[in-house]
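> File query_25.txt below, compact mmCIF, C-alpha atoms and all ligand atoms:
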```
# COMPACT_ATOMS: atom_id res chain seq x y z
CA MET A 211 -20.23 56.69 24.86
CA SER A 212 -18.08 56.17 27.92
CA GLY A 213 -14.34 55.65 27.70
CA PHE A 214 -14.68 51.96 28.46
CA ARG A 215 -14.39 50.83 24.87
CA ALA A 216 -10.81 52.04 24.79
CA ALA A 217 -9.79 49.81 27.71
CA LYS A 218 -6.62 47.87 26.89
CA GLY A 219 -4.81 45.08 28.65
CA ASP A 220 -5.30 41.59 30.00
CA LEU A 221 -8.79 40.35 30.73
CA GLU A 222 -9.12 39.54 34.42
CA ILE A 223 -11.93 37.56 35.97
CA GLU A 224 -11.58 38.02 39.70
CA SER A 225 -13.35 35.65 42.15
CA VAL A 226 -16.52 35.70 40.06
CA THR A 227 -19.59 33.76 41.15
CA LYS A 228 -22.89 33.71 39.29
CA SER A 229 -25.84 32.26 41.16
CA PHE A 230 -29.26 31.43 39.79
CA GLY A 231 -31.33 30.94 42.95
CA ASP A 232 -29.22 28.69 45.18
CA PHE A 233 -27.32 27.16 42.23
CA ASN A 234 -23.86 28.49 41.36
CA ALA A 235 -23.50 28.28 37.57
CA VAL A 236 -20.04 29.87 37.95
CA ASP A 237 -18.31 29.24 41.25
CA ASP A 238 -15.56 31.58 42.47
CA LEU A 239 -13.82 31.74 39.10
CA THR A 240 -10.48 33.53 38.83
CA LEU A 241 -8.47 33.72 35.64
CA VAL A 242 -6.30 36.05 33.62
CA VAL A 243 -6.39 35.99 29.83
CA PRO A 244 -3.27 37.77 28.54
CA ARG A 245 -3.87 40.45 25.95
CA GLY A 246 -3.60 39.11 22.40
CA SER A 247 -3.80 35.45 23.34
CA PHE A 248 -6.06 32.72 22.01
CA PHE A 249 -7.76 31.28 25.05
CA ALA A 250 -10.08 28.25 24.98
CA LEU A 251 -12.67 27.52 27.63
CA LEU A 252 -13.33 23.79 27.42
CA GLY A 253 -15.89 21.84 29.38
CA PRO A 254 -18.98 19.63 29.30
CA SER A 255 -22.50 20.89 28.76
CA GLY A 256 -23.83 22.95 31.65
CA CYS A 257 -20.44 23.64 33.28
CA GLY A 258 -20.87 27.42 33.02
CA LYS A 259 -19.03 28.40 29.82
CA THR A 260 -21.76 30.52 28.27
CA THR A 261 -22.57 32.11 31.62
CA THR A 262 -18.91 33.13 31.94
CA LEU A 263 -18.88 34.68 28.45
CA ARG A 264 -22.16 36.48 29.08
CA MET A 265 -20.67 38.11 32.17
CA VAL A 266 -17.60 39.23 30.21
CA ALA A 267 -19.90 40.62 27.51
CA GLY A 268 -22.08 42.40 30.08
CA LEU A 269 -25.20 40.40 29.24
CA GLU A 270 -25.22 39.09 32.83
CA GLN A 271 -23.80 40.67 35.96
CA PRO A 272 -21.75 38.58 38.43
CA THR A 273 -23.36 37.84 41.79
CA LEU A 274 -19.89 38.28 43.34
CA GLY A 275 -16.49 39.36 42.02
CA ARG A 276 -15.13 41.68 39.35
CA ILE A 277 -14.26 41.65 35.67
CA LEU A 278 -11.51 43.96 34.39
CA ILE A 279 -9.66 44.73 31.20
CA GLY A 280 -6.31 46.22 32.15
CA ASP A 281 -7.03 48.68 34.94
CA THR A 282 -10.62 49.28 33.89
CA ASP A 283 -13.27 47.61 36.04
CA LEU A 284 -16.10 46.58 33.69
CA THR A 285 -18.35 45.17 36.40
CA GLY A 286 -21.76 46.79 36.25
CA SER A 287 -21.20 48.45 32.87
CA ARG A 288 -23.47 47.89 29.89
CA PRO A 289 -22.63 45.57 26.98
CA TYR A 290 -22.18 48.47 24.52
CA GLU A 291 -19.78 50.20 26.89
CA ARG A 292 -17.38 47.27 26.81
CA PRO A 293 -14.64 46.70 24.23
CA VAL A 294 -16.02 43.21 23.77
CA ASN A 295 -17.97 41.52 20.98
CA THR A 296 -19.50 38.06 20.79
CA VAL A 297 -19.96 35.55 17.98
CA PHE A 298 -22.71 33.13 18.90
CA GLN A 299 -23.39 29.64 17.62
CA SER A 300 -26.47 30.89 15.83
CA TYR A 301 -25.04 33.58 13.62
CA ALA A 302 -28.13 35.79 13.94
CA LEU A 303 -27.51 37.71 10.71
CA PHE A 304 -30.22 40.09 9.49
CA PRO A 305 -31.87 38.16 6.63
CA HIS A 306 -33.12 41.23 4.74
CA LEU A 307 -29.71 42.98 4.68
CA THR A 308 -26.81 42.22 2.33
CA VAL A 309 -23.59 40.81 3.72
CA ARG A 310 -21.96 44.27 3.53
CA ASP A 311 -24.88 45.95 5.31
CA ASN A 312 -24.91 43.24 7.96
CA VAL A 313 -21.27 43.96 8.71
CA ALA A 314 -21.72 47.75 8.46
CA PHE A 315 -24.67 47.67 10.85
CA GLY A 316 -22.66 48.19 14.06
CA PRO A 317 -20.46 51.06 12.80
CA LYS A 318 -23.53 52.75 11.20
CA ARG A 319 -25.41 52.59 14.47
CA ARG A 320 -22.44 54.19 16.19
CA GLY A 321 -22.63 56.94 13.56
CA ALA A 322 -19.32 56.07 11.89
CA LYS A 323 -19.07 58.01 8.59
CA ASN A 324 -16.88 55.33 7.00
CA ALA A 325 -19.09 52.40 8.02
CA LEU A 326 -19.07 50.79 4.57
CA GLN A 327 -15.31 51.12 4.25
CA LEU A 328 -14.88 49.49 7.69
CA ALA A 329 -17.25 46.72 6.59
CA ASP A 330 -15.22 46.08 3.44
CA GLU A 331 -12.00 45.88 5.47
CA ALA A 332 -13.59 43.35 7.81
CA LEU A 333 -14.86 41.32 4.82
CA ASP A 334 -11.33 41.29 3.41
CA LEU A 335 -10.10 39.84 6.65
CA VAL A 336 -12.54 36.92 6.44
CA GLN A 337 -11.91 36.59 2.69
CA LEU A 338 -15.46 37.27 1.59
CA PRO A 339 -15.35 40.55 -0.38
CA HIS A 340 -16.76 38.79 -3.46
CA LEU A 341 -19.99 37.94 -1.63
CA ALA A 342 -20.62 41.40 -0.16
CA SER A 343 -23.86 42.03 -2.03
CA ARG A 344 -25.47 38.65 -1.32
CA LYS A 345 -28.12 38.04 1.33
CA PRO A 346 -27.37 35.58 4.18
CA ALA A 347 -29.77 32.97 2.75
CA GLN A 348 -27.55 32.78 -0.35
CA LEU A 349 -24.50 31.72 1.69
CA SER A 350 -23.23 28.37 2.98
CA GLY A 351 -22.99 27.74 6.72
CA GLY A 352 -19.25 28.42 6.75
CA GLN A 353 -19.69 31.67 4.81
CA GLN A 354 -22.40 32.84 7.20
CA GLN A 355 -20.06 32.03 10.03
CA ARG A 356 -17.37 34.27 8.50
CA VAL A 357 -19.88 37.10 8.12
CA ALA A 358 -20.70 36.74 11.81
CA VAL A 359 -16.98 37.00 12.62
CA ALA A 360 -16.61 40.05 10.33
CA ARG A 361 -19.61 41.67 12.01
CA ALA A 362 -17.92 41.32 15.40
CA LEU A 363 -14.42 42.33 14.19
CA VAL A 364 -15.68 45.49 12.49
CA ASN A 365 -16.26 47.01 15.93
CA ARG A 366 -12.55 46.65 16.68
CA PRO A 367 -13.13 45.01 20.06
CA GLU A 368 -10.30 44.37 22.49
CA VAL A 369 -11.75 40.96 23.27
CA LEU A 370 -13.68 38.72 20.91
CA LEU A 371 -15.86 36.08 22.54
CA LEU A 372 -16.72 33.02 20.46
CA ASP A 373 -19.41 30.76 21.89
CA GLU A 374 -19.28 27.42 20.05
CA PRO A 375 -19.24 29.29 16.74
CA LEU A 376 -18.38 26.20 14.71
CA GLY A 377 -21.02 23.93 16.23
CA ALA A 378 -23.33 24.02 13.22
CA LEU A 379 -20.64 23.15 10.66
CA ASP A 380 -19.75 19.71 9.34
CA LEU A 381 -16.42 18.25 10.43
CA LYS A 382 -14.39 19.24 7.36
CA LEU A 383 -15.62 22.82 7.31
CA ARG A 384 -15.11 22.97 11.04
CA ARG A 385 -11.43 22.08 10.64
CA GLN A 386 -11.05 24.70 7.89
CA MET A 387 -12.69 27.38 10.01
CA GLN A 388 -10.44 26.51 12.94
CA VAL A 389 -7.42 27.33 10.79
CA GLU A 390 -9.15 30.49 9.49
CA LEU A 391 -10.02 31.77 12.95
CA LYS A 392 -6.48 31.16 14.13
CA ARG A 393 -5.16 33.09 11.10
CA ILE A 394 -7.51 35.99 11.76
CA GLN A 395 -6.58 36.09 15.42
CA THR A 396 -2.87 36.17 14.57
CA GLU A 397 -3.46 38.86 11.95
CA VAL A 398 -5.50 41.23 14.12
CA GLY A 399 -3.78 40.38 17.43
CA LEU A 400 -6.98 40.54 19.49
CA THR A 401 -7.71 38.50 22.58
CA PHE A 402 -9.95 35.59 21.55
CA ILE A 403 -11.91 33.58 24.08
CA HIS A 404 -13.23 30.51 22.37
CA VAL A 405 -15.80 28.32 24.09
CA THR A 406 -16.06 24.72 23.02
CA HIS A 407 -16.74 21.23 24.30
CA ASP A 408 -14.50 19.75 21.57
CA GLN A 409 -11.13 19.02 23.17
CA GLU A 410 -9.36 18.63 19.84
CA GLU A 411 -10.63 22.01 18.71
CA ALA A 412 -9.44 23.61 21.93
CA MET A 413 -6.02 21.97 21.73
CA THR A 414 -5.35 22.78 18.07
CA MET A 415 -6.40 26.43 18.29
CA ALA A 416 -5.54 27.81 21.68
CA ASP A 417 -2.36 29.06 23.37
CA THR A 418 -4.00 28.35 26.70
CA VAL A 419 -6.81 25.93 27.50
CA ALA A 420 -8.88 26.13 30.67
CA VAL A 421 -10.87 23.01 31.52
CA MET A 422 -14.06 23.94 33.31
CA ASN A 423 -16.27 21.60 35.34
CA HIS A 424 -19.19 22.47 37.65
CA GLY A 425 -18.55 26.21 37.37
CA ARG A 426 -14.85 25.94 38.29
CA ILE A 427 -11.55 25.68 36.45
CA GLU A 428 -10.01 22.24 37.06
CA GLN A 429 -6.81 22.94 35.14
CA MET A 430 -5.40 25.62 32.89
CA GLY A 431 -2.30 25.76 30.72
CA PRO A 432 -0.76 25.19 27.30
CA PRO A 433 -2.46 22.24 25.56
CA ALA A 434 0.64 20.02 25.32
CA ALA A 435 1.52 20.49 28.99
CA MET A 436 -2.03 19.67 30.05
CA TYR A 437 -2.10 16.54 27.90
CA ASP A 438 1.22 15.45 29.34
CA LEU A 439 0.33 16.03 32.96
CA PRO A 440 -3.36 16.20 33.89
CA VAL A 441 -3.96 17.02 37.55
CA THR A 442 -7.42 15.48 38.00
CA ALA A 443 -9.11 12.31 36.76
CA PHE A 444 -11.67 14.48 35.00
CA VAL A 445 -9.06 16.38 33.00
CA ALA A 446 -7.17 13.14 32.30
CA ASN A 447 -10.16 11.84 30.39
CA PHE A 448 -11.67 15.06 29.08
CA VAL A 449 -8.46 16.14 27.38
CA GLY A 450 -7.59 13.03 25.39
CA GLN A 451 -8.02 9.57 26.87
CA SER A 452 -6.26 8.05 29.85
CA ASN A 453 -5.99 4.62 31.36
CA LEU A 454 -6.52 5.08 35.07
CA GLY A 455 -6.02 2.55 37.83
CA ARG A 456 -6.70 2.73 41.53
CA GLY A 457 -3.89 1.90 43.91
CA ARG A 458 -2.35 2.73 47.26
CA ILE A 459 1.00 4.39 47.77
CA THR A 460 3.08 2.06 49.95
CA ASP A 461 6.64 3.28 49.59
CA ARG A 462 9.08 5.64 47.94
CA ASP A 463 11.91 4.50 45.66
CA GLY A 464 14.18 7.41 44.72
CA ASP A 465 12.15 9.72 42.46
CA PHE A 466 9.25 7.28 42.30
CA LEU A 467 6.21 6.48 44.39
CA VAL A 468 5.62 2.76 44.75
CA VAL A 469 1.94 1.98 44.22
CA ASP A 470 0.29 -1.27 45.17
CA VAL A 471 -2.37 -2.40 42.69
CA HIS A 472 -4.11 -5.64 43.62
CA GLY A 473 -0.88 -7.11 44.97
CA SER A 474 1.39 -6.04 42.12
CA THR A 475 3.29 -2.77 41.97
CA VAL A 476 3.61 0.11 39.54
CA LYS A 477 5.77 3.21 39.87
CA VAL A 478 4.80 6.84 39.40
CA PRO A 479 7.29 9.75 39.43
CA HIS A 480 6.56 11.70 42.61
CA ARG A 481 6.90 14.97 40.68
CA ARG A 482 4.13 13.85 38.34
CA SER A 483 1.71 12.99 41.13
CA GLN A 484 -0.79 15.25 42.85
CA VAL A 485 -0.89 12.89 45.86
CA GLN A 486 2.12 11.63 47.81
CA SER A 487 0.48 9.13 50.20
CA GLY A 488 -2.62 7.00 50.62
CA ASP A 489 -5.01 6.30 47.76
CA ILE A 490 -4.02 7.32 44.25
CA LEU A 491 -5.28 7.00 40.71
CA PHE A 492 -2.31 6.39 38.50
CA GLY A 493 -2.69 7.12 34.82
CA VAL A 494 -0.96 6.49 31.53
CA ARG A 495 -1.93 7.60 28.02
CA PRO A 496 -2.93 4.89 25.51
CA GLU A 497 -0.05 5.68 23.10
CA LYS A 498 2.53 5.34 25.90
CA VAL A 499 1.55 1.70 26.51
CA ARG A 500 3.09 -1.18 24.53
CA ILE A 501 1.53 -4.59 24.16
CA TYR A 502 3.36 -7.96 24.12
CA ARG A 503 2.53 -11.64 23.98
CA ASP A 504 5.15 -12.50 26.60
CA ARG A 505 6.07 -10.60 29.71
CA PRO A 506 8.81 -8.14 28.72
CA THR A 507 11.84 -7.70 30.94
CA GLY A 508 13.43 -4.48 32.11
CA VAL A 509 10.86 -2.03 30.71
CA GLY A 510 9.42 -0.67 33.93
CA ASN A 511 5.74 -0.98 34.74
CA ASP A 512 3.80 -3.92 33.41
CA MET A 513 0.42 -5.52 33.82
CA ALA A 514 -1.26 -8.67 32.54
CA ALA A 515 -4.38 -8.29 30.42
CA THR A 516 -6.78 -10.05 28.08
CA VAL A 517 -7.53 -8.73 24.60
CA LEU A 518 -11.12 -7.55 24.17
CA ASP A 519 -11.02 -5.91 20.78
CA VAL A 520 -8.53 -5.06 18.03
CA SER A 521 -9.24 -2.21 15.58
CA PHE A 522 -6.93 -1.45 12.70
CA THR A 523 -7.21 2.26 11.86
CA GLY A 524 -4.48 2.61 9.24
CA VAL A 525 -1.74 4.58 10.97
CA ALA A 526 -2.34 2.79 14.25
CA THR A 527 -3.98 -0.21 15.82
CA GLN A 528 -6.13 0.26 18.89
CA TYR A 529 -6.33 -2.60 21.36
CA LEU A 530 -8.94 -2.71 24.07
CA VAL A 531 -7.89 -5.03 26.87
CA THR A 532 -9.32 -6.09 30.21
CA VAL A 533 -7.05 -5.87 33.26
CA ALA A 534 -7.21 -7.79 36.55
CA SER A 535 -9.65 -5.39 38.20
CA GLY A 536 -12.09 -5.85 35.32
CA ALA A 537 -11.53 -2.39 33.88
CA THR A 538 -10.88 -1.80 30.20
CA TRP A 539 -7.65 -0.18 29.03
CA SER A 540 -6.90 1.24 25.66
CA VAL A 541 -3.56 0.84 23.87
CA TYR A 542 -2.54 2.56 20.63
CA GLU A 543 0.32 1.13 18.66
CA GLN A 544 1.63 2.85 15.58
CA ASN A 545 1.84 0.44 12.68
CA LEU A 546 5.63 0.47 12.42
CA ASP A 547 6.51 -3.19 12.63
CA VAL A 548 6.87 -5.13 9.42
CA GLU A 549 5.30 -8.07 11.17
CA PRO A 550 2.71 -6.77 13.64
CA ILE A 551 1.71 -9.07 16.47
CA ASP A 552 -1.40 -10.86 15.41
CA LEU A 553 -3.73 -10.64 18.38
CA LYS A 554 -7.35 -11.61 18.67
CA PRO A 555 -9.99 -11.24 21.36
CA GLY A 556 -9.37 -13.60 24.25
CA ASP A 557 -5.56 -13.66 23.88
CA ARG A 558 -3.57 -13.22 27.09
CA VAL A 559 -1.06 -10.36 26.78
CA TRP A 560 1.24 -8.09 28.76
CA MET A 561 1.18 -4.34 28.71
CA SER A 562 4.16 -2.26 29.71
CA TRP A 563 5.03 1.40 29.94
CA ASP A 564 7.89 3.62 30.99
CA PRO A 565 7.22 4.68 34.62
CA GLY A 566 8.38 8.18 33.65
CA HIS A 567 5.22 8.59 31.56
CA ALA A 568 2.82 7.76 34.38
CA PHE A 569 1.00 10.42 36.37
CA GLY A 570 -0.95 10.43 39.61
CA VAL A 571 -4.21 12.19 40.47
CA PRO A 572 -6.37 12.19 43.61
CA ALA A 573 -8.59 9.13 43.95
CA GLU A 574 -11.06 10.82 46.25
CA ASN A 575 -14.21 12.10 44.54
CA ALA A 576 -12.63 11.29 41.18
CA GLU A 577 -14.99 12.06 38.35
CA VAL A 578 -14.37 10.13 35.18
CA PRO A 579 -16.45 10.00 32.02
CA LYS A 580 -17.59 6.41 31.45
CA GLY A 581 -16.07 4.17 28.76
CA PRO A 582 -14.84 2.07 27.08
CA VAL A 583 -15.09 2.99 23.45
CA LEU A 584 -14.03 1.28 20.26
CA ALA A 585 -11.72 3.12 17.88
CA SER A 586 -14.46 3.25 15.28
CA GLU A 587 -16.75 5.06 17.68
CA ALA A 588 -14.15 7.39 19.17
CA THR A 589 -14.71 10.92 17.99
CA SER A 590 -12.70 13.86 19.14
CA SER A 591 -15.81 15.79 20.05
CA ASP A 592 -17.19 13.16 22.37
CA PRO A 593 -15.60 13.68 25.75
CA SER A 594 -17.58 10.84 27.29
CA SER A 595 -15.48 8.34 25.36
CA GLY A 596 -12.63 7.67 27.75
CA PRO A 597 -11.63 4.16 28.72
CA ALA A 598 -12.99 2.94 32.01
CA LEU A 599 -11.48 3.76 35.31
CA GLN A 600 -9.94 0.65 36.77
CA ASP A 601 -11.93 -0.50 39.75
CA ALA A 602 -13.04 2.98 40.72
CA GLN A 603 -16.69 3.18 39.78
N1 LIG A 701 -30.87 32.27 33.37
C1 LIG A 701 -30.64 31.12 34.01
N2 LIG A 701 -31.41 30.74 35.04
C2 LIG A 701 -31.18 29.58 35.70
N3 LIG A 701 -30.17 28.74 35.42
C3 LIG A 701 -29.37 29.05 34.40
C4 LIG A 701 -29.55 30.25 33.64
N4 LIG A 701 -28.58 30.31 32.69
C5 LIG A 701 -27.84 29.19 32.84
N5 LIG A 701 -28.31 28.43 33.87
C6 LIG A 701 -27.74 27.17 34.35
O1 LIG A 701 -26.36 27.38 34.62
C7 LIG A 701 -25.59 26.26 34.21
C8 LIG A 701 -24.51 26.70 33.26
O2 LIG A 701 -25.10 27.09 32.03
P1 LIG A 701 -24.24 27.54 30.79
O3 LIG A 701 -25.17 27.98 29.73
O4 LIG A 701 -23.21 28.51 31.22
O5 LIG A 701 -23.55 26.17 30.38
P2 LIG A 701 -22.52 25.86 29.20
O6 LIG A 701 -21.25 25.43 29.83
O7 LIG A 701 -22.49 26.99 28.25
O8 LIG A 701 -23.19 24.57 28.53
P3 LIG A 701 -23.38 24.19 26.96
O9 LIG A 701 -22.10 23.51 26.54
O10 LIG A 701 -24.52 23.21 27.02
O11 LIG A 701 -23.70 25.42 26.19
C9 LIG A 701 -26.58 25.26 33.62
O12 LIG A 701 -26.88 24.30 34.61
C10 LIG A 701 -27.79 26.10 33.29
O13 LIG A 701 -28.97 25.34 33.35
MG MG A 702 -23.13 27.26 26.26
```
Any chance you could put this one into structure tokens?
Ligand SMILES: Nc1ncnc2c1ncn2[C@@H]1O[C@H](COP(=O)(O)OP(=O)(O)OP(=O)(O)O)[C@@H](O)[C@H]1O
Ligand SMILES: [Mg+2]

Amino acid sequence: MSGFRAAKGDLEIESVTKSFGDFNAVDDLTLVVPRGSFFALLGPSGCGKTTTLRMVAGLEQPTLGRILIGDTDLTGSRPYERPVNTVFQSYALFPHLTVRDNVAFGPKRRGAKNALQLADEALDLVQLPHLASRKPAQLSGGQQQRVAVARALVNRPEVLLLDEPLGALDLKLRRQMQVELKRIQTEVGLTFIHVTHDQEEAMTMADTVAVMNHGRIEQMGPPAAMYDLPVTAFVANFVGQSNLGRGRITDRDGDFLVVDVHGSTVKVPHRRSQVQSGDILFGVRPEKVRIYRDRPTGVGNDMAATVLDVSFTGVATQYLVTVASGATWSVYEQNLDVEPIDLKPGDRVWMSWDPGHAFGVPAENAEVPKGPVLASEATSSDPSSGPALQDAQ
């Protein structure tokens, strides 16, 4: 075996393109995943997530660019030469082998004398030692998933790649496994690259989230920072929901851009905007918007609207309202008031928000998942469920 497996350091993907014919599945991708971090690659179906992982694993070679761990260039090397293991969505366990033998398979093939001992250590880590002598068919989905993780960890990789490993599990088990995987990652201190199209999963698990679209990274950073300040319309609605409105920047007022929207004005902090002149999409998160019967005074930005739907969800109430342009906005209000305002569809209302919470993204070529969606239909794993873009479709 070559010395590659000992490579240590950050994972670097350097200007990598993968073409299939004249289609670029991955398009000039550059990113650094710091050693020991939990990194999530988040994006819609077909955006190039699996292709990226397969290149890191050595199952595909880049058309252009390089992949390194620390100072070691892995480009061109074989999968078994790399200090990388993958857990796939289909666990692909050997049905005729016991759990212990499934996990010991890799070390045995490498000729490790203590293969069974290594397997038992890995099973401890995923808290399955009591099921070591069962066959995969005698396990639940979540247990099989842990065996698959143990089978990858037993090889002591530098980087563990997880390609939608929780996709086959029901929601409750999925949440449990998210916590488990995070625990394991913290315990072993490996670099984890977790691929998912579930934004909530990415945000709860990862130190850093990269949002991928059409083979490129649109935005990358800590989950809370990305939620607070998305830099494209796509990210604004793929990571959580956003109310977006089209306007034109007409002036500057201190730290704020003045934006004309159908004859009325809203303000956006210039530091929170990716565009400083011309057309803009301003955005505000649903929980930052308050709803009133009468026009409030002195609260900053406001906008008239008509109630479309009211859904009581226990901790919060979600209002869907129609604004002047015809677009639908979503407002979440925590149920704090002793006497909540009693609104019904058709009521005329005012929405207001602190201008400091608004953000601005480019209006040109803006790509926004279509909405609106009712609270009862909104699931965290459905990225197509953002509210509509005001006047922009
Ligand atoms: N071997 C191949 N030949 C041709 N096109 C391919 C090949 N592998 C992938 N593609 C295309 O590259 C694009 C990216 O595929 P990829 O599997 O990386 O997507 P993904 O982000 O993992 O999507 P999903 O969430 O559905 O798994 C898709 O359009 C896919 O059809
Ligand atoms: Mg995939």
> Can you tell me which residues come within 9 Å of ligand LIG 701 (chain A) when counting all atoms listed in the file, ideally as a PyMOL selection string?
chain A and resi 228-231+233-236+252-264+270+373-374+405-407+422-425
> Go ahead and compute the interatomic distance for atom CA of Phe569 of chain A and atom CA of His480 of chain A, in Å to one decimal.
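Atom CA of Phe569 of chain A sits 8.5 Å away from atom CA of His480 of chain A.
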> Pick out the closest residue to ligand MG 702 (chain A) from this set: A:Tyr290, A:Phe298, A:Trp560, A:Phe522. Count only C-alpha atoms and all ligand atoms.
A:Phe298
> Any idea what's packed within 7 Å of Leu491 of chain A, counting all atoms listed in the file, ignoring anything in its chain fewer than 6 positions away? Could you give it as a list in words?
Leu454, Gly455, Arg456, Gly457, Gly570, Val571, Pro572 and Ala573 of chain A
> Counting all atoms listed in the file, figure out which residue out of A:Gly524, A:Pro339, A:Pro375, A:Gly488 gets nearest to ligand MG 702 (chain A).
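The answer is A:Pro375, which sits nearest to ligand MG 702 (chain A).
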> Excluding Ser343 of chain A and residues on its chain fewer than 5 positions from it, collect all residues at most 8 Å away from it, counting all atoms listed in the file, and give them as JSON, numbers by chain.
{"A": [308, 309, 310]}
> Could you take the residues named above and write them with C-alpha atoms, as a PDB file, in the coordinates of the input?

```
ATOM      1  CA  THR A 308     -26.810  42.220   2.330  1.00  0.00           C
ATOM      2  CA  VAL A 309     -23.590  40.810   3.720  1.00  0.00           C
ATOM      3  CA  ARG A 310     -21.960  44.270   3.530  1.00  0.00           C
TER       4      ARG A 310
END
```
> Using atom CA of Val485 of chain A and atom CA of Val469 of chain A as the two end points, give the distance in Å to one decimal.
11.4 Å
> Do you have the atom CA of Arg366 of chain A-atom CA of Val389 of chain A distance handy?
20.8 Å
> Could you check which of A:Met415, A:Val541, A:Val499, A:Met513 is closest to Gly473 of chain A, using only C-alpha atoms?
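Residue with the minimum atom-to-atom distance to Gly473 of chain A: A:Met513.
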> Pick from A:Gly246, A:Gly566, A:Gly280, A:Gly431: nearest to Arg482 of chain A, with only C-alpha atoms counted?
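Of A:Gly246, A:Gly566, A:Gly280, A:Gly431, the one nearest Arg482 of chain A is A:Gly566, counting only C-alpha atoms.
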> Kindly indicate which residue among A:Pro506, A:Gly268, A:Gly377, A:Gly450 lies nearest to ligand MG 702 (chain A), using all atoms listed in the file for the distances.
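Of all the options, A:Gly377 lies closest to ligand MG 702 (chain A).
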> Choose the residue, out of A:Gln484, A:Thr507, A:Phe402, A:Leu546, that has the smallest atom-to-atom separation from Val525 of chain A; count all atoms listed in the file.
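With all atoms listed in the file as the atom set, the closest residue is A:Leu546.
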> So for segment 225-231 of chain A, what box centre and size do we get, axis-aligned, 4 Å extra on each of the six sides, every listed atom, Å to one decimal, as AutoDock Vina command-line options?

```
--center_x -22.3 --center_y 33.3 --center_z 41.1 --size_x 26.0 --size_y 12.8 --size_z 11.7
```
> Just give me the residues with any atom within 10 Å of (-1.9, 16.8, 29.6), file coordinates, counting only C-alpha atoms, written as JSON, numbers by chain.
{"A": [429, 431, 432, 433, 434, 435, 436, 437, 438, 439, 440, 441, 445, 446, 447, 448, 449, 450, 451, 452, 495, 569]}
> Please check which residues have atoms at most 12 Å from (-2.7, 36.6, 14.8) in the file's coordinates, counting only C-alpha atoms, and write them as a list in words.
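Every residue inside that radius is included here: Arg245, Gly246, Ser247, Phe248, Leu335, Val389, Glu390, Leu391, Lys392, Arg393, Ile394, Gln395, Thr396, Glu397, Val398, Gly399, Leu400, Thr401, Phe402, Met415, Ala416 and Asp417 of chain A.
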> Tell me which protein, DNA and RNA residues are within 12 Å of Val364 of chain A, counting only C-alpha atoms, leaving out same-chain ones fewer than 2 positions away, and put them as number ranges by chain.
A: 293-296, 310-318, 320, 322, 324-336, 357-362, 366-368, 370, 398
> Name all residues at most 12 Å from Glu543 of chain A (count only C-alpha atoms; drop same-chain ones fewer than 5 positions away) and give them as an MDAnalysis selection string.
chainID A and resid 495:502 520:530 550:551 561
> Would you output that residue set with C-alpha atoms, as a PDB file, in the coordinates of the input?

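Result file is part.pdb:
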```
ATOM      1  CA  ARG A 495      -1.930   7.600  28.020  1.00  0.00           C
ATOM      2  CA  PRO A 496      -2.930   4.890  25.510  1.00  0.00           C
ATOM      3  CA  GLU A 497      -0.050   5.680  23.100  1.00  0.00           C
ATOM      4  CA  LYS A 498       2.530   5.340  25.900  1.00  0.00           C
ATOM      5  CA  VAL A 499       1.550   1.700  26.510  1.00  0.00           C
ATOM      6  CA  ARG A 500       3.090  -1.180  24.530  1.00  0.00           C
ATOM      7  CA  ILE A 501       1.530  -4.590  24.160  1.00  0.00           C
ATOM      8  CA  TYR A 502       3.360  -7.960  24.120  1.00  0.00           C
ATOM      9  CA  VAL A 520      -8.530  -5.060  18.030  1.00  0.00           C
ATOM     10  CA  SER A 521      -9.240  -2.210  15.580  1.00  0.00           C
ATOM     11  CA  PHE A 522      -6.930  -1.450  12.700  1.00  0.00           C
ATOM     12  CA  THR A 523      -7.210   2.260  11.860  1.00  0.00           C
ATOM     13  CA  GLY A 524      -4.480   2.610   9.240  1.00  0.00           C
ATOM     14  CA  VAL A 525      -1.740   4.580  10.970  1.00  0.00           C
ATOM     15  CA  ALA A 526      -2.340   2.790  14.250  1.00  0.00           C
ATOM     16  CA  THR A 527      -3.980  -0.210  15.820  1.00  0.00           C
ATOM     17  CA  GLN A 528      -6.130   0.260  18.890  1.00  0.00           C
ATOM     18  CA  TYR A 529      -6.330  -2.600  21.360  1.00  0.00           C
ATOM     19  CA  LEU A 530      -8.940  -2.710  24.070  1.00  0.00           C
ATOM     20  CA  PRO A 550       2.710  -6.770  13.640  1.00  0.00           C
ATOM     21  CA  ILE A 551       1.710  -9.070  16.470  1.00  0.00           C
ATOM     22  CA  MET A 561       1.180  -4.340  28.710  1.00  0.00           C
TER      23      MET A 561
END
```
> Any idea what's packed within 10 Å of Gln348 of chain A, counting all atoms listed in the file, ignoring anything in its chain fewer than 4 positions away? Could you give it as number ranges by chain?
A: 305, 308-309, 341, 344, 353-354
